[in-house]
file entry_36.txt (compact mmCIF, C-alpha atoms)
# COMPACT_ATOMS: atom_id res chain seq x y z
CA MET A 1 47.52 -22.60 77.26
CA TYR A 2 49.42 -22.23 80.53
CA ASP A 3 48.97 -19.30 82.93
CA PHE A 4 51.00 -16.18 82.29
CA LYS A 5 51.07 -12.61 83.52
CA TYR A 6 49.76 -10.02 81.08
CA HIS A 7 51.32 -6.56 80.81
CA ARG A 8 50.01 -3.75 78.65
CA ALA A 9 52.83 -1.46 77.56
CA THR A 10 52.09 2.18 76.71
CA SER A 11 55.44 3.04 75.15
CA ALA A 12 58.29 1.20 73.45
CA ARG A 13 60.63 2.24 76.25
CA GLN A 14 58.32 0.84 78.91
CA ALA A 15 57.99 -2.41 76.93
CA ALA A 16 61.78 -2.68 76.67
CA ASN A 17 62.16 -2.10 80.42
CA LEU A 18 59.56 -4.75 81.21
CA LEU A 19 61.15 -7.14 78.74
CA ALA A 20 64.55 -6.70 80.37
CA LYS A 21 63.21 -7.06 83.94
CA ALA A 22 60.42 -9.63 83.77
CA GLU A 23 61.44 -13.23 83.84
CA ASP A 24 60.87 -15.33 80.72
CA ALA A 25 58.98 -12.54 78.96
CA LYS A 26 57.67 -12.38 75.39
CA LEU A 27 56.46 -9.40 73.40
CA LEU A 28 52.97 -9.70 71.95
CA ALA A 29 52.61 -7.84 68.66
CA GLY A 30 49.79 -9.14 66.43
CA GLY A 31 49.89 -12.54 68.14
CA GLN A 32 49.47 -14.51 64.93
CA THR A 33 52.35 -16.84 65.80
CA LEU A 34 52.79 -16.42 69.55
CA LEU A 35 49.14 -17.05 70.53
CA PRO A 36 48.63 -20.27 68.50
CA THR A 37 51.99 -21.52 69.81
CA MET A 38 50.91 -20.78 73.39
CA LYS A 39 47.53 -22.41 72.82
CA ASN A 40 49.29 -25.56 71.62
CA ARG A 41 51.54 -25.34 74.69
CA LEU A 42 54.61 -25.14 72.47
CA ALA A 43 55.46 -21.85 74.18
CA SER A 44 54.76 -20.97 77.79
CA PRO A 45 56.21 -17.55 78.64
CA GLN A 46 55.64 -16.40 82.22
CA ASN A 47 55.14 -12.80 81.16
CA VAL A 48 53.49 -11.45 78.02
CA ILE A 49 53.98 -7.77 77.17
CA ASP A 50 51.29 -6.50 74.81
CA LEU A 51 52.41 -3.78 72.38
CA GLY A 52 48.88 -3.26 71.04
CA LYS A 53 48.35 0.05 72.82
CA VAL A 54 51.70 1.59 71.94
CA ALA A 55 50.50 4.29 69.54
CA ASP A 56 53.92 5.55 68.41
CA LEU A 57 54.82 2.13 66.97
CA LYS A 58 52.06 2.43 64.37
CA GLY A 59 51.95 4.29 61.10
CA ILE A 60 53.43 4.65 57.64
CA GLU A 61 55.20 7.71 56.25
CA GLN A 62 57.53 8.71 53.47
CA LYS A 63 60.69 10.42 54.69
CA GLY A 64 62.79 11.61 51.78
CA ARG A 65 63.71 8.56 49.72
CA ASN A 66 62.55 6.10 52.37
CA ILE A 67 59.28 4.53 53.43
CA VAL A 68 59.16 4.21 57.21
CA ILE A 69 56.74 1.66 58.68
CA GLY A 70 56.07 1.42 62.42
CA ALA A 71 56.63 -2.04 63.92
CA MET A 72 52.99 -2.43 65.01
CA THR A 73 51.58 -1.60 61.59
CA THR A 74 49.43 -4.48 60.33
CA HIS A 75 49.86 -6.20 56.97
CA ALA A 76 46.42 -4.90 55.92
CA GLU A 77 47.51 -1.32 56.68
CA VAL A 78 50.66 -1.74 54.56
CA ALA A 79 48.64 -3.37 51.77
CA SER A 80 46.10 -0.55 51.62
CA SER A 81 48.47 2.38 52.25
CA GLN A 82 48.46 4.91 49.40
CA VAL A 83 52.01 5.96 50.41
CA VAL A 84 53.27 2.39 49.98
CA LYS A 85 51.24 1.80 46.80
CA ASP A 86 52.75 4.91 45.20
CA ALA A 87 56.37 4.38 46.25
CA LEU A 88 56.72 0.60 46.49
CA PRO A 89 53.65 -1.08 44.97
CA GLY A 90 55.40 -4.46 45.18
CA LEU A 91 55.61 -4.11 48.96
CA ALA A 92 51.87 -3.42 49.21
CA ALA A 93 51.29 -6.51 47.06
CA LEU A 94 53.58 -8.59 49.30
CA ALA A 95 51.60 -7.54 52.39
CA GLU A 96 48.32 -8.24 50.58
CA GLY A 97 49.48 -11.83 49.99
CA ILE A 98 50.36 -12.69 53.60
CA GLY A 99 48.14 -15.31 55.27
CA ASP A 100 44.41 -14.64 55.14
CA PRO A 101 42.31 -11.54 55.96
CA HIS A 102 42.30 -12.32 59.69
CA VAL A 103 46.09 -12.65 59.79
CA ARG A 104 46.55 -9.48 57.73
CA HIS A 105 44.37 -7.43 60.09
CA LYS A 106 46.08 -8.68 63.26
CA GLY A 107 49.63 -9.57 62.20
CA THR A 108 52.26 -6.83 62.19
CA ILE A 109 55.46 -6.16 60.29
CA GLY A 110 57.49 -5.99 63.51
CA GLY A 111 56.10 -9.29 64.76
CA SER A 112 56.75 -11.04 61.47
CA VAL A 113 60.29 -9.71 61.20
CA ALA A 114 61.15 -10.51 64.85
CA ASN A 115 59.80 -14.05 64.49
CA ASN A 116 61.78 -14.66 61.25
CA ASP A 117 59.74 -17.68 60.23
CA PRO A 118 61.72 -19.40 57.45
CA SER A 119 58.59 -19.36 55.26
CA ALA A 120 57.47 -15.80 56.01
CA ASP A 121 57.16 -13.24 53.22
CA TYR A 122 58.51 -10.08 54.85
CA PRO A 123 62.11 -11.29 55.41
CA ALA A 124 62.58 -11.66 51.63
CA GLY A 125 61.08 -8.22 51.03
CA LEU A 126 63.30 -6.56 53.64
CA MET A 127 66.44 -8.27 52.40
CA ALA A 128 65.82 -7.50 48.71
CA LEU A 129 64.98 -3.87 49.45
CA GLY A 130 68.00 -3.48 51.73
CA ALA A 131 65.75 -2.36 54.57
CA THR A 132 66.98 -1.26 57.97
CA ILE A 133 65.41 -2.58 61.16
CA VAL A 134 65.30 0.13 63.82
CA THR A 135 65.11 -0.93 67.47
CA ASN A 136 65.01 0.94 70.76
CA LYS A 137 68.81 0.58 70.82
CA ARG A 138 70.21 0.69 67.28
CA LYS A 139 69.77 0.26 63.54
CA ILE A 140 70.38 -3.14 61.96
CA ALA A 141 70.70 -3.83 58.22
CA ALA A 142 68.41 -6.63 56.99
CA ASP A 143 71.48 -8.56 55.74
CA ASP A 144 72.77 -8.71 59.33
CA PHE A 145 69.39 -9.02 61.04
CA PHE A 146 68.14 -12.39 59.74
CA GLN A 147 70.38 -15.09 61.16
CA GLY A 148 68.72 -18.42 60.39
CA MET A 149 65.50 -20.19 61.31
CA PHE A 150 63.57 -18.06 63.80
CA ALA A 151 66.91 -16.43 64.73
CA THR A 152 67.62 -12.70 64.52
CA ALA A 153 70.24 -10.21 65.65
CA LEU A 154 67.87 -8.93 68.37
CA ASP A 155 69.34 -8.89 71.88
CA GLU A 156 67.46 -9.58 75.08
CA GLY A 157 65.33 -6.58 75.94
CA GLU A 158 65.46 -5.18 72.40
CA VAL A 159 62.25 -3.98 70.76
CA ILE A 160 61.79 -3.29 67.04
CA THR A 161 60.29 0.18 66.63
CA LYS A 162 60.21 0.59 62.84
CA VAL A 163 61.43 -0.68 59.52
CA VAL A 164 62.97 1.73 56.99
CA PHE A 165 62.68 0.80 53.32
CA PRO A 166 64.81 2.69 50.77
CA ILE A 167 62.61 3.24 47.71
CA SER A 168 63.79 1.02 44.86
CA SER A 169 62.84 1.93 41.30
CA LYS A 170 61.71 -1.63 40.68
CA PHE A 171 60.54 -4.19 43.22
CA ALA A 172 58.29 -7.24 43.25
CA TYR A 173 57.79 -10.42 45.22
CA ALA A 174 56.46 -13.70 43.85
CA LYS A 175 55.63 -16.73 45.93
CA PHE A 176 54.56 -20.27 45.36
CA PRO A 177 52.25 -21.08 48.26
CA ASN A 178 52.25 -24.39 50.06
CA PRO A 179 48.94 -25.96 48.92
CA ALA A 180 47.99 -26.74 52.54
CA SER A 181 49.24 -23.86 54.72
CA ARG A 182 49.58 -21.20 51.99
CA TYR A 183 52.89 -20.18 53.53
CA ALA A 184 55.62 -19.63 50.95
CA LEU A 185 56.96 -22.97 49.73
CA VAL A 186 59.33 -20.65 47.90
CA GLY A 187 59.12 -16.87 47.67
CA VAL A 188 61.50 -14.61 45.75
CA ALA A 189 61.81 -10.84 46.07
CA VAL A 190 63.76 -8.80 43.53
CA ALA A 191 64.71 -5.14 43.82
CA LYS A 192 66.57 -2.77 41.54
CA LYS A 193 67.92 0.50 42.87
CA GLY A 194 70.20 2.29 40.44
CA SER A 195 72.50 -0.39 39.10
CA ASN A 196 72.23 -2.42 42.30
CA VAL A 197 70.07 -5.56 42.08
CA ARG A 198 69.19 -7.70 45.07
CA VAL A 199 67.41 -11.05 45.00
CA ALA A 200 66.21 -12.63 48.26
CA VAL A 201 64.68 -16.07 48.68
CA THR A 202 62.37 -17.21 51.49
CA GLY A 203 60.76 -20.58 52.23
CA ALA A 204 63.51 -22.56 50.56
CA GLY A 205 66.65 -22.27 52.66
CA ALA A 206 67.38 -24.58 55.56
CA ASN A 207 68.79 -21.47 57.25
CA GLY A 208 65.96 -19.11 56.44
CA VAL A 209 66.02 -16.20 54.01
CA PHE A 210 69.09 -15.83 51.78
CA ARG A 211 70.31 -13.86 48.76
CA TRP A 212 70.78 -15.52 45.37
CA ALA A 213 74.07 -14.15 44.06
CA ASP A 214 73.92 -15.74 40.57
CA ALA A 215 70.59 -14.12 39.82
CA GLU A 216 71.77 -10.76 41.18
CA LYS A 217 74.76 -10.89 38.81
CA ALA A 218 72.65 -11.85 35.79
CA LEU A 219 70.00 -9.24 36.55
CA SER A 220 72.61 -6.51 37.16
CA ALA A 221 73.78 -7.03 33.58
CA LYS A 222 70.21 -6.82 32.29
CA PHE A 223 67.11 -6.45 34.45
CA ASN A 224 64.84 -8.61 32.36
CA ALA A 225 62.92 -11.81 33.15
CA ARG A 226 64.88 -13.60 30.42
CA SER A 227 68.14 -12.94 32.27
CA VAL A 228 67.08 -15.59 34.80
CA ASP A 229 66.54 -18.24 32.09
CA GLY A 230 68.95 -21.11 32.39
CA LEU A 231 70.05 -20.14 35.90
CA LYS A 232 69.67 -23.00 38.34
CA ALA A 233 69.67 -22.41 42.05
CA ALA A 234 71.69 -25.03 43.94
CA ALA A 235 69.54 -27.60 45.74
CA LYS A 236 72.25 -27.99 48.38
CA GLY A 237 71.30 -26.29 51.63
CA LEU A 238 67.62 -26.14 50.74
CA ASN A 239 64.75 -27.57 52.79
CA SER A 240 63.44 -31.00 51.92
CA ASP A 241 60.23 -32.08 53.64
CA ILE A 242 56.87 -33.73 53.03
CA HIS A 243 55.74 -30.71 51.00
CA ALA A 244 58.65 -30.31 48.61
CA SER A 245 62.05 -31.82 47.90
CA ALA A 246 65.16 -29.63 47.74
CA ASP A 247 65.27 -30.20 43.95
CA TYR A 248 61.73 -28.95 43.53
CA ARG A 249 62.40 -25.93 45.71
CA ALA A 250 65.52 -25.15 43.65
CA HIS A 251 63.38 -25.30 40.51
CA LEU A 252 60.76 -23.03 42.05
CA ILE A 253 63.38 -20.42 42.98
CA GLY A 254 64.12 -19.93 39.26
CA VAL A 255 60.44 -19.79 38.34
CA MET A 256 59.52 -17.36 41.13
CA ALA A 257 62.55 -15.14 40.39
CA LYS A 258 61.41 -14.90 36.79
CA ARG A 259 57.84 -14.06 37.82
CA ALA A 260 59.08 -11.44 40.29
CA VAL A 261 61.25 -9.75 37.66
CA ALA A 262 58.36 -9.84 35.19
CA ALA A 263 56.10 -8.21 37.78
CA ALA A 264 58.75 -5.63 38.70
CA THR A 265 59.25 -4.63 35.06
CA GLY A 266 55.50 -4.64 34.39
CA LYS A 267 55.65 -7.47 31.86
CA MET B 1 39.10 -32.84 43.68
CA GLY B 2 40.77 -32.87 47.07
CA GLN B 3 41.66 -36.55 46.81
CA ALA B 4 43.06 -36.03 43.33
CA LEU B 5 45.11 -32.89 43.93
CA LEU B 6 45.63 -32.07 47.60
CA GLU B 7 44.66 -34.47 50.33
CA GLY B 8 47.29 -36.93 51.48
CA THR B 9 48.17 -38.39 54.85
CA VAL B 10 51.88 -38.81 55.54
CA TYR B 11 53.39 -40.89 58.37
CA ASP B 12 57.01 -41.00 59.41
CA LYS B 13 58.82 -44.29 59.88
CA ASN B 14 57.78 -44.47 63.55
CA GLY B 15 54.11 -44.27 62.63
CA GLN B 16 53.72 -40.66 63.71
CA LEU B 17 51.17 -38.78 61.58
CA LEU B 18 52.92 -35.78 60.01
CA THR B 19 49.85 -34.28 58.36
CA ALA B 20 47.85 -33.80 61.55
CA SER B 21 46.79 -30.18 60.99
CA PHE B 22 45.50 -28.12 58.07
CA MET B 23 48.92 -26.46 57.94
CA ASP B 24 50.20 -29.76 56.49
CA TYR B 25 47.08 -31.54 55.22
CA GLY B 26 45.87 -29.92 52.03
CA MET B 27 42.16 -29.34 52.55
CA PRO B 28 40.66 -27.93 49.35
CA ARG B 29 39.34 -24.36 49.47
CA ALA B 30 36.85 -22.68 47.20
CA ASP B 31 39.58 -21.35 44.92
CA ASP B 32 40.97 -24.87 44.36
CA VAL B 33 37.81 -25.93 42.56
CA PRO B 34 37.44 -25.11 38.86
CA SER B 35 34.10 -24.38 37.24
CA TYR B 36 32.46 -27.54 35.98
CA GLN B 37 29.22 -28.83 34.59
CA LEU B 38 27.17 -31.53 36.26
CA GLY B 39 25.59 -34.38 34.31
CA PHE B 40 23.05 -36.86 35.66
CA ASN B 41 22.35 -40.36 34.51
CA THR B 42 19.52 -41.98 36.45
CA THR B 43 19.75 -45.76 36.89
CA ALA B 44 17.39 -47.12 39.52
CA ALA B 45 18.69 -50.02 41.62
CA PRO B 46 16.73 -53.17 40.68
CA SER B 47 17.22 -54.82 44.10
CA ASN B 48 14.62 -52.83 46.06
CA PRO B 49 11.13 -51.48 45.35
CA LEU B 50 12.15 -47.79 45.57
CA GLY B 51 15.26 -48.12 43.36
CA ILE B 52 17.39 -46.55 46.12
CA LYS B 53 21.18 -46.66 46.22
CA GLY B 54 23.71 -45.68 48.82
CA CYS B 55 25.06 -42.18 48.59
CA GLY B 56 27.86 -40.16 50.14
CA GLU B 57 31.03 -41.56 48.61
CA ALA B 58 29.25 -42.02 45.28
CA GLY B 59 30.03 -38.38 44.62
CA ALA B 60 33.74 -39.07 44.99
CA ILE B 61 33.83 -41.76 42.31
CA ALA B 62 33.97 -39.58 39.20
CA ALA B 63 36.11 -36.57 40.13
CA PRO B 64 39.52 -38.16 40.93
CA PRO B 65 39.77 -40.21 37.70
CA ALA B 66 38.62 -37.20 35.65
CA VAL B 67 41.39 -35.04 37.09
CA ILE B 68 44.11 -37.70 37.07
CA ASN B 69 43.22 -38.82 33.53
CA ALA B 70 43.64 -35.23 32.39
CA ILE B 71 47.15 -35.19 33.89
CA THR B 72 48.21 -38.60 32.53
CA ASP B 73 46.89 -37.51 29.12
CA ALA B 74 48.96 -34.32 29.29
CA VAL B 75 52.22 -35.97 30.39
CA GLY B 76 51.82 -39.07 28.20
CA HIS B 77 52.40 -41.69 30.89
CA GLU B 78 50.55 -43.10 33.88
CA ASP B 79 53.16 -42.69 36.60
CA VAL B 80 51.19 -40.00 38.45
CA SER B 81 50.35 -40.68 42.08
CA MET B 82 47.56 -39.08 44.13
CA PRO B 83 47.41 -36.48 45.40
CA ALA B 84 48.86 -34.92 42.25
CA THR B 85 50.38 -31.91 43.97
CA PRO B 86 52.37 -29.38 41.90
CA GLN B 87 55.53 -31.29 42.85
CA VAL B 88 54.10 -34.64 41.60
CA VAL B 89 53.03 -33.01 38.33
CA TRP B 90 56.47 -31.37 37.97
CA LYS B 91 58.19 -34.74 38.36
CA ALA B 92 55.73 -36.41 35.97
CA ALA B 93 56.32 -33.66 33.40
CA GLN B 94 60.09 -34.16 33.64
CA LYS B 95 59.67 -37.87 33.01
CA ALA B 96 57.57 -36.97 29.96
CA VAL B 97 60.35 -34.72 28.65
CA LYS B 98 62.95 -37.48 29.11
CA LYS B 99 60.69 -39.96 27.32
CA MET B 100 60.27 -37.58 24.40
CA ALA B 101 64.01 -37.01 24.23
CA ALA B 102 64.65 -40.76 24.15
CA GLU B 103 62.25 -41.35 21.29
call {"tool": "encode", "arguments": {"input": "entry_36.txt", "output": "structure tokens"}}
result
Amino acid sequence: MYDFKYHRATSARQAANLLAKAEDAKLLAGGQTLLPTMKNRLASPQNVIDLGKVADLKGIEQKGRNIVIGAMTTHAEVASSQVVKDALPGLAALAEGIGDPHVRHKGTIGGSVANNDPSADYPAGLMALGATIVTNKRKIAADDFFQGMFATALDEGEVITKVVFPISSKFAYAKFPNPASRYALVGVAVAKKGSNVRVAVTGAGANGVFRWADAEKALSAKFNARSVDGLKAAAKGLNSDIHASADYRAHLIGVMAKRAVAAATGK
Amino acid sequence: MGQALLEGTVYDKNGQLLTASFMDYGMPRADDVPSYQLGFNTTAAPSNPLGIKGCGEAGAIAAPPAVINAITDAVGHEDVSMPATPQVVWKAAQKAVKKMAAE
């Protein structure tokens, strides 16, 4: 790890000011990606702004037909929240499946979303649920927020403050973990809200999370695991690496979509 | 178990090791191991007074063939390479389906 200057922010506004002013600055949320990357000297920011003491970025509440989760809320807090379990049990299950206990107790929803790792679980959940990412400056729809591998719509000096999830009547996420890293080799989230069905795929796309239009169409007609039978995701544009070929990932998208729908419909 | 199902070293064409961390090298965890029964068959080595044999890798002799034989038995052919990751088994199963269709 190289030397850096440590700043402890006490409010989101102060963090945003520091981020805009300090040279080559990075926000530290749960540190589950940034710290290992710095230790391996793959990242060497000059300034690190810790959000750990910003109290108003934490917490989970239901506001009308939405679940609002503060950016610094950990995966373990989402997984064990009675509010989330009651309104969106599939989201609690998604959080419960991230990483290992250490990662879940340190890693945060804001950090995961801002990092937009192409194999992370949350991006699929946010996109399927049609979540809104709220920053210190504006509100961004999940569809517009995720812009490719590790790329987001965030501007310089922009800090995620919370994520707003509209409550879908049915939602579930299913992932096939990489046998080594346990990151999603392929993960599929499905959500049904009224007649609107959204299917989002993580881990597979060469450009990060994406929506699977064919499955959305089939599931809009009938929201049943059998509706996905016979649908084949296109292998074109999917990742191919030492862990899985694009063909295998395409196959897994169908299998995981089916499992997610089965979980969402309680079958 | 690890050798049969998870552990594999991969190099790129320049000789760079690609599986250099546990994020890429599949080290077995507790939940990768099924329940199993142990059997012992004592055969003393005749070449020394105490009947001693080497140990260590001896424990790795039985498990990989047991696992791989189960897979080759299930798919009906022997084209299954180690480690038999889910992707390897998926490909082997597809070959089995094609073979059945051809017959």
call {"tool": "residues_around", "arguments": {"input": "entry_36.txt", "residues": "Lys21 of chain A", "least_positions_apart": "6", "cutoff": "12 Å", "atoms": "only C-alpha atoms", "output": "compact mmCIF listing (two decimals) with C-alpha atoms, in the coordinates of the input"}}
result
# COMPACT_ATOMS: atom_id res chain seq x y z
CA GLN A 14 58.32 0.84 78.91
CA ALA A 15 57.99 -2.41 76.93
CA ASN A 47 55.14 -12.80 81.16
CA ILE A 49 53.98 -7.77 77.17
CA GLU A 156 67.46 -9.58 75.08
CA GLY A 157 65.33 -6.58 75.94
CA GLU A 158 65.46 -5.18 72.40
call {"tool": "residues_around", "arguments": {"input": "entry_36.txt", "residues": "Thr265 of chain A", "least_positions_apart": "3", "cutoff": "7 Å", "atoms": "all atoms listed in the file", "output": "MDAnalysis selection string"}}
result
chainID A and resid 170 261:262
call {"tool": "closest_residue", "arguments": {"input": "entry_36.txt", "among": "B:Val75, B:Val88, B:Cys55, B:Ala30", "to": "chain A", "atoms": "all atoms listed in the file"}}
result
B:Val88
call {"tool": "interface_residues", "arguments": {"input": "entry_36.txt", "of": "chain B", "to": "chain A", "cutoff": "10 Å", "atoms": "only C-alpha atoms", "output": "PyMOL selection string"}}
result
chain B and resi 5-7+10-12+18-19+21-29+32+85-88+90-91
call {"tool": "closest_residue", "arguments": {"input": "entry_36.txt", "among": "A:Asn136, A:Ser11, A:Ser227, A:Ser112", "to": "His75 of chain A", "atoms": "only C-alpha atoms"}}
result
A:Ser112
call {"tool": "residues_near_point", "arguments": {"input": "entry_36.txt", "point": "(59.5, -4.1, 69.5)", "cutoff": "9 Å", "atoms": "all atoms listed in the file", "output": "list in words"}}
result
Ala12, Ala15, Ala16, Leu27, Leu28, Ala29, Leu51, Leu57, Ala71, Met72, Gly110, Gly111, Ala114, Thr135, Asn136, Glu158, Val159, Ile160, Thr161 and Lys162 of chain A
call {"tool": "atom_distance", "arguments": {"input": "entry_36.txt", "atom1": "atom CA of Asn116 of chain A", "atom2": "atom CA of Gly97 of chain A"}}
result
16.9 Å
call {"tool": "residues_around", "arguments": {"input": "entry_36.txt", "residues": "segment 138-149 of chain A", "least_positions_apart": "5", "cutoff": "6 Å", "atoms": "all atoms listed in the file", "output": "ChimeraX atom specification"}}
result
/A:118,127,131-133,207-208
call {"tool": "write_last_selection", "arguments": {"input": "entry_36.txt", "atoms": "C-alpha atoms", "output": "compact mmCIF listing (two decimals), in the coordinates of the input"}}
result
# COMPACT_ATOMS: atom_id res chain seq x y z
CA PRO A 118 61.72 -19.40 57.45
CA MET A 127 66.44 -8.27 52.40
CA ALA A 131 65.75 -2.36 54.57
CA THR A 132 66.98 -1.26 57.97
CA ILE A 133 65.41 -2.58 61.16
CA ASN A 207 68.79 -21.47 57.25
CA GLY A 208 65.96 -19.11 56.44
call {"tool": "residues_near_point", "arguments": {"input": "entry_36.txt", "point": "(57.8, -7.1, 84.9)", "cutoff": "10 Å", "atoms": "all atoms listed in the file", "output": "number ranges by chain"}}
result
A: 5-7, 14-15, 17-25, 46-49
call {"tool": "residues_around", "arguments": {"input": "entry_36.txt", "residues": "Pro65 of chain B", "least_positions_apart": "4", "cutoff": "8 Å", "atoms": "only C-alpha atoms", "output": "PyMOL selection string"}}
result
chain B and resi 4+61+69
call {"tool": "atom_distance", "arguments": {"input": "entry_36.txt", "atom1": "atom CA of Gly64 of chain A", "atom2": "atom CA of Pro166 of chain A"}}
result
9.2 Å
call {"tool": "atom_distance", "arguments": {"input": "entry_36.txt", "atom1": "atom CA of Phe4 of chain A", "atom2": "atom CA of Pro45 of chain A"}}
result
6.5 Å
call {"tool": "residues_around", "arguments": {"input": "entry_36.txt", "residues": "Ala87 of chain A", "least_positions_apart": "2", "cutoff": "12 Å", "atoms": "all atoms listed in the file", "output": "list of chain:residue names"}}
result
A:Ile60, A:Glu61, A:Gln62, A:Lys63, A:Gly64, A:Arg65, A:Asn66, A:Ile67, A:Val68, A:Val78, A:Ser81, A:Gln82, A:Val83, A:Val84, A:Lys85, A:Pro89, A:Gly90, A:Leu91, A:Ala92, A:Phe165, A:Pro166, A:Ile167, A:Ser168, A:Ser169, A:Lys170, A:Phe171
call {"tool": "write_last_selection", "arguments": {"input": "entry_36.txt", "atoms": "C-alpha atoms", "output": "PDB file, keeping the file's coordinate frame"}}
result
ATOM      1  CA  ILE A  60      53.430   4.650  57.640  1.00  0.00           C
ATOM      2  CA  GLU A  61      55.200   7.710  56.250  1.00  0.00           C
ATOM      3  CA  GLN A  62      57.530   8.710  53.470  1.00  0.00           C
ATOM      4  CA  LYS A  63      60.690  10.420  54.690  1.00  0.00           C
ATOM      5  CA  GLY A  64      62.790  11.610  51.780  1.00  0.00           C
ATOM      6  CA  ARG A  65      63.710   8.560  49.720  1.00  0.00           C
ATOM      7  CA  ASN A  66      62.550   6.100  52.370  1.00  0.00           C
ATOM      8  CA  ILE A  67      59.280   4.530  53.430  1.00  0.00           C
ATOM      9  CA  VAL A  68      59.160   4.210  57.210  1.00  0.00           C
ATOM     10  CA  VAL A  78      50.660  -1.740  54.560  1.00  0.00           C
ATOM     11  CA  SER A  81      48.470   2.380  52.250  1.00  0.00           C
ATOM     12  CA  GLN A  82      48.460   4.910  49.400  1.00  0.00           C
ATOM     13  CA  VAL A  83      52.010   5.960  50.410  1.00  0.00           C
ATOM     14  CA  VAL A  84      53.270   2.390  49.980  1.00  0.00           C
ATOM     15  CA  LYS A  85      51.240   1.800  46.800  1.00  0.00           C
ATOM     16  CA  PRO A  89      53.650  -1.080  44.970  1.00  0.00           C
ATOM     17  CA  GLY A  90      55.400  -4.460  45.180  1.00  0.00           C
ATOM     18  CA  LEU A  91      55.610  -4.110  48.960  1.00  0.00           C
ATOM     19  CA  ALA A  92      51.870  -3.420  49.210  1.00  0.00           C
ATOM     20  CA  PHE A 165      62.680   0.800  53.320  1.00  0.00           C
ATOM     21  CA  PRO A 166      64.810   2.690  50.770  1.00  0.00           C
ATOM     22  CA  ILE A 167      62.610   3.240  47.710  1.00  0.00           C
ATOM     23  CA  SER A 168      63.790   1.020  44.860  1.00  0.00           C
ATOM     24  CA  SER A 169      62.840   1.930  41.300  1.00  0.00           C
ATOM     25  CA  LYS A 170      61.710  -1.630  40.680  1.00  0.00           C
ATOM     26  CA  PHE A 171      60.540  -4.190  43.220  1.00  0.00           C
TER      27      PHE A 171
END
call {"tool": "build_atoms", "arguments": {"input": "entry_36.txt", "residues": "segment 165-178 of chain A", "atoms": "N, CA and C atoms", "output": "short mmCIF file (atom, residue, chain, number, x, y, z; two decimals), in the coordinates of the input"}}
result
data_model
loop_
_atom_site.label_atom_id
_atom_site.label_comp_id
_atom_site.auth_asym_id
_atom_site.auth_seq_id
_atom_site.Cartn_x
_atom_site.Cartn_y
_atom_site.Cartn_z
N PHE A 165 62.48 1.37 54.65
CA PHE A 165 62.68 0.80 53.32
C PHE A 165 63.17 1.88 52.36
N PRO A 166 64.40 1.77 51.84
CA PRO A 166 64.81 2.69 50.77
C PRO A 166 63.93 2.41 49.55
N ILE A 167 63.49 3.44 48.86
CA ILE A 167 62.61 3.24 47.71
C ILE A 167 63.42 2.78 46.50
N SER A 168 63.13 1.55 46.06
CA SER A 168 63.79 1.02 44.86
C SER A 168 62.94 1.39 43.66
N SER A 169 63.61 1.57 42.49
CA SER A 169 62.84 1.93 41.30
C SER A 169 61.99 0.75 40.85
N LYS A 170 62.50 -0.46 41.06
CA LYS A 170 61.71 -1.63 40.68
C LYS A 170 61.76 -2.66 41.82
N PHE A 171 60.59 -3.17 42.17
CA PHE A 171 60.54 -4.19 43.22
C PHE A 171 59.29 -5.05 43.06
N ALA A 172 59.47 -6.35 43.22
CA ALA A 172 58.29 -7.24 43.25
C ALA A 172 58.66 -8.52 43.99
N TYR A 173 57.63 -9.17 44.48
CA TYR A 173 57.79 -10.42 45.22
C TYR A 173 56.83 -11.43 44.61
N ALA A 174 57.33 -12.63 44.38
CA ALA A 174 56.46 -13.70 43.85
C ALA A 174 56.63 -14.92 44.73
N LYS A 175 55.50 -15.53 45.09
CA LYS A 175 55.63 -16.73 45.93
C LYS A 175 54.81 -17.87 45.38
N PHE A 176 55.31 -19.06 45.66
CA PHE A 176 54.56 -20.27 45.36
C PHE A 176 54.05 -20.79 46.69
N PRO A 177 52.73 -20.70 46.94
CA PRO A 177 52.25 -21.08 48.26
C PRO A 177 52.18 -22.60 48.46
N ASN A 178 52.49 -23.01 49.66
CA ASN A 178 52.25 -24.39 50.06
C ASN A 178 50.75 -24.66 49.90
#
